[in-house]
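J.: Dropping the structure in here first, questions after.
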Number of protein chains: 2
Amino acid sequence: MGKLAGKAVVAQGGGPTAVINQSLVGAVLEARKYDCIENIYGAMHGVSGIVTENFMDLSQATTHNLERVAKTPASGMLSTRDKPDAEYCSKIFDVLKAHGVRYFFYCGGNDSADTCRIVNDNAKEAGYELRVIHIPKTIDNDLLVTDHCPGFGSAGKFVSQAFAGVNLDNRSIPGVYIGVVMGRHAGYLTASSIFAKKYPDDGPHLIYVPEHTFNTEKFISDVDKVYSEFGRCVIAVSEGIVNESGQPIVTTLTEINEKDDHGNIQLSGSGALGDGLGNLIKNKLNIKRVRCDTFGYLQRSFLGVVSSVDAHEAREVGEKAVQYSVWENVDGSVAIRRTGDYSVEYFLTPLETVAKDSKSMPDNFYDSENSTVTLAFKNYARPLIGELPTCERISAPFVQKILNRK
Amino acid sequence: MGKLAGKAVVAQGGGPTAVINQSLVGAVLEARKYDCIENIYGAMHGVSGIVTENFMDLSQATTHNLERVAKTPASGMLSTRDKPDAEYCSKIFDVLKAHGVRYFFYCGGNDSADTCRIVNDNAKEAGYELRVIHIPKTIDNDLLVTDHCPGFGSAGKFVSQAFAGVNLDNRSIPGVYIGVVMGRHAGYLTASSIFAKKYPDDGPHLIYVPEHTFNTEKFISDVDKVYSEFGRCVIAVSEGIVNESGQPIVTTLTEINEKDDHGNIQLSGSGALGDGLGNLIKNKLNIKRVRCDTFGYLQRSFLGVVSSVDAHEAREVGEKAVQYSVWENVDGSVAIRRTGDYSVEYFLTPLETVAKDSKSMPDNFYDSENSTVTLAFKNYARPLIGELPTCERISAPFVQKILNRK
């Protein structure tokens, strides 16, 4: 049986990651190996560039250029926040058909998987043979089925290194420090701050995630306890933490309520949550030096912090996407199965199993009583994040006092 | 003539940097070479640890431990915000004398240099021979006399890499992005964002520094112009920007007015300035997607982003401090003179020439009309920051449209 012949389109959707271009380049270089793929087009700004036929012919990009793009964070083909409905998807399908496209690879989160699903249905209804493969990516690590998502490891590494640094800073000049980390519904990224904790009294001392109700009184009592013990306190908090009624804490602290096109409250790109929590501590505990940073966009696009396992896997899911479509002639979403400690294998899961819904951290990854994460989480995440740079304390004996003044 | 015999004390003051431990370790390892230095003590928490005789005997730290500490950001001996007055300094002197200390090395900014100056005067008045050497450090790069300050290059590298990333992110999903950078009076660190700009349309498109009056109308008109041209705008702004009357912009936008122990308004550790400027843009220009990040403490203590030139020079100023005191038997502040492009030599400048006052960016480093920095700045700062990680765009031809729909 001959292979399905035609063009291929690759696109990137949703928020960028540090390694999303590894997946793009993995798909492009793999696609260029097969005669049945006549050209591989890149759509500018995700699906919006398909509808407007805004394609680059990546068959004509040099391998050297692509290899350098692979190392560059954020979406090399640019991205979109469009979440296509049925009508939008049928436009996508029209354009793919008009250009003789037989392979569509879309790298993104669960919304992108859903787009893949609808376009795939359109093709089936029209009796047009089209291979549609979703390539997973998200820093939130919240896709269903897969053990973890490419993009998470590098963002987690950034968060770890950031907290390792601010912990040292906070140890040098003590006080309370709050770092607000991305994560609307899933706490994986915030949880990654735990790898900053090397010595027993290191921060982050407290970690709060969206999966577990944030209780203001418990929070204040947690901070009080840590501050009494160590004279300082480093806190990692997800932007998406909610109260008992599921209301985002940021809305209970401030008047900010900007919503995006999908009706979601704006959590990133504003210092509101950190400042609100900081004021709470100042007022309730009368601690003077309270500092808050919102890591914001740095954590998903910082140039130069990449987990090598993450980069490697991001490349491979791109390659596998093309291989599944060409060799097995099937549609689906590429997923990762953990087979050892640490080894993985890739498999294809039906698009509908990944589309729309998302995953939260399992309960056994979080210790509600102590407001921190568990060993089970550390065991899960450590191989994905990898080794951190050197971070060591001075070890030397103290000197006998002579004057003994107060 | 025999060398002055006695103990040595080394301490670190003020805000931490990524390479301040290079200077500490440079001084300790150099001091351990000389018989005349009986022990080298490290004071915990800067000068406050001297007053309380809170010393570690760094003669008994392993070289391997110290070399790993050198690679660790933030003050390994911990820091202090104390700015000693005459009484405090005389306590310092008492303790140094009681412990038979003949060499005092203090790594910090202009306040630390001033402490050195006063302690040095105390020793002279008491007829007690004490070598006092100030070792320069600051991410703000605002010390007088020296060409530049250890600590600046690494912080500048962090700022460059952060803006390189957010520029790519902002290009993927367009809008206005504001990154607030540390710098109360000196704009060097904010200016370093320029190295994120690789391709002609890259951000940061606009840079605002404290040395040049921030005019709100000019700002809005600048943003409008850039946004009209590129459909997006990336802005780097110093936390310390002021209006015509020298009033910090953050106080004109918000009600926040927390002051620190020295009467300075709190600029870092709060998202107020970024959020205020963001709201201004939303209201005046009706641009919907406006995002603001305050880089905060990440920029001075992030684990894993170090300029190699900066690390090397930070080590050498520590070594030179000990060498000047032992071989030349003099007091002063170690300074760097740029001799080539790029080469340096070290020299000692009198303590009073560095104490108290600080340096602003020279006028020819900033282009007020275009709200950006000049080639003169780039030429000055590039060797200090060094090469950035790979950052490349896809280069491929666009594809002919077929459907040509709107």
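Going through the structure tokens in order, the chains are called A, B, and so on, while each chain numbers its residues from 1 and the ligands are numbered from 1 in the order shown.
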Write out as a ChimeraX atom specification which residues come within 8 Å of Lys320 in chain A when counting only C-alpha atoms, dropping same-chain ones fewer than 2 positions away.
T.: /A:27,316-318,322-324,334,346
J.: What lies within 6 Å of Ala61 in chain A using only C-alpha atoms, ignoring chain neighbours under 2 positions off, as a PyMOL selection string?
T.: (chain A and resi 58-59) or (chain B and resi 395-396)
J.: Output C-alpha atoms for every residue in the selection just made, as a PDB file, in the first residue's frame.
T.:
ATOM      1  CA  LEU A  58       9.642  25.084   5.904  1.00  0.00           C
ATOM      2  CA  SER A  59      10.909  22.625   3.275  1.00  0.00           C
TER       3      SER A  59
ATOM      4  CA  SER B 395      13.950  31.855   7.755  1.00  0.00           C
ATOM      5  CA  ALA B 396      11.845  30.396   4.917  1.00  0.00           C
TER       6      ALA B 396
END
J.: I want to know what sits within 12 Å of range 115-123 of chain A, based on only C-alpha atoms, with residues of the same chain fewer than 4 positions away left out; could you give that as JSON, numbers by chain?
T.: {"A": [10, 11, 12, 13, 14, 46, 47, 48, 50, 82, 83, 84, 85, 86, 87, 88, 89, 90, 91, 92, 93, 94, 95, 96, 97, 101, 102, 103, 104, 105, 106, 107, 108, 109, 110, 111, 127, 128, 129, 130, 131, 132, 133, 134, 135, 136, 330, 331, 332, 333, 349, 350, 351, 352, 353, 354, 355, 356]}
J.: Between A:Val223, A:Ile194, A:Ile207, A:Val234, which residue has the minimum interatomic distance to Ile173 in chain A, considering only C-alpha atoms?
T.: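 Nearest to Ile173 in chain A: A:Val234.
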J.: As a ChimeraX atom specification, which residues of range 246-339 of chain A does DSSP assign to helix (DSSP H, G or I)?
T.: /A:249-253,272-285,298-301,308-328
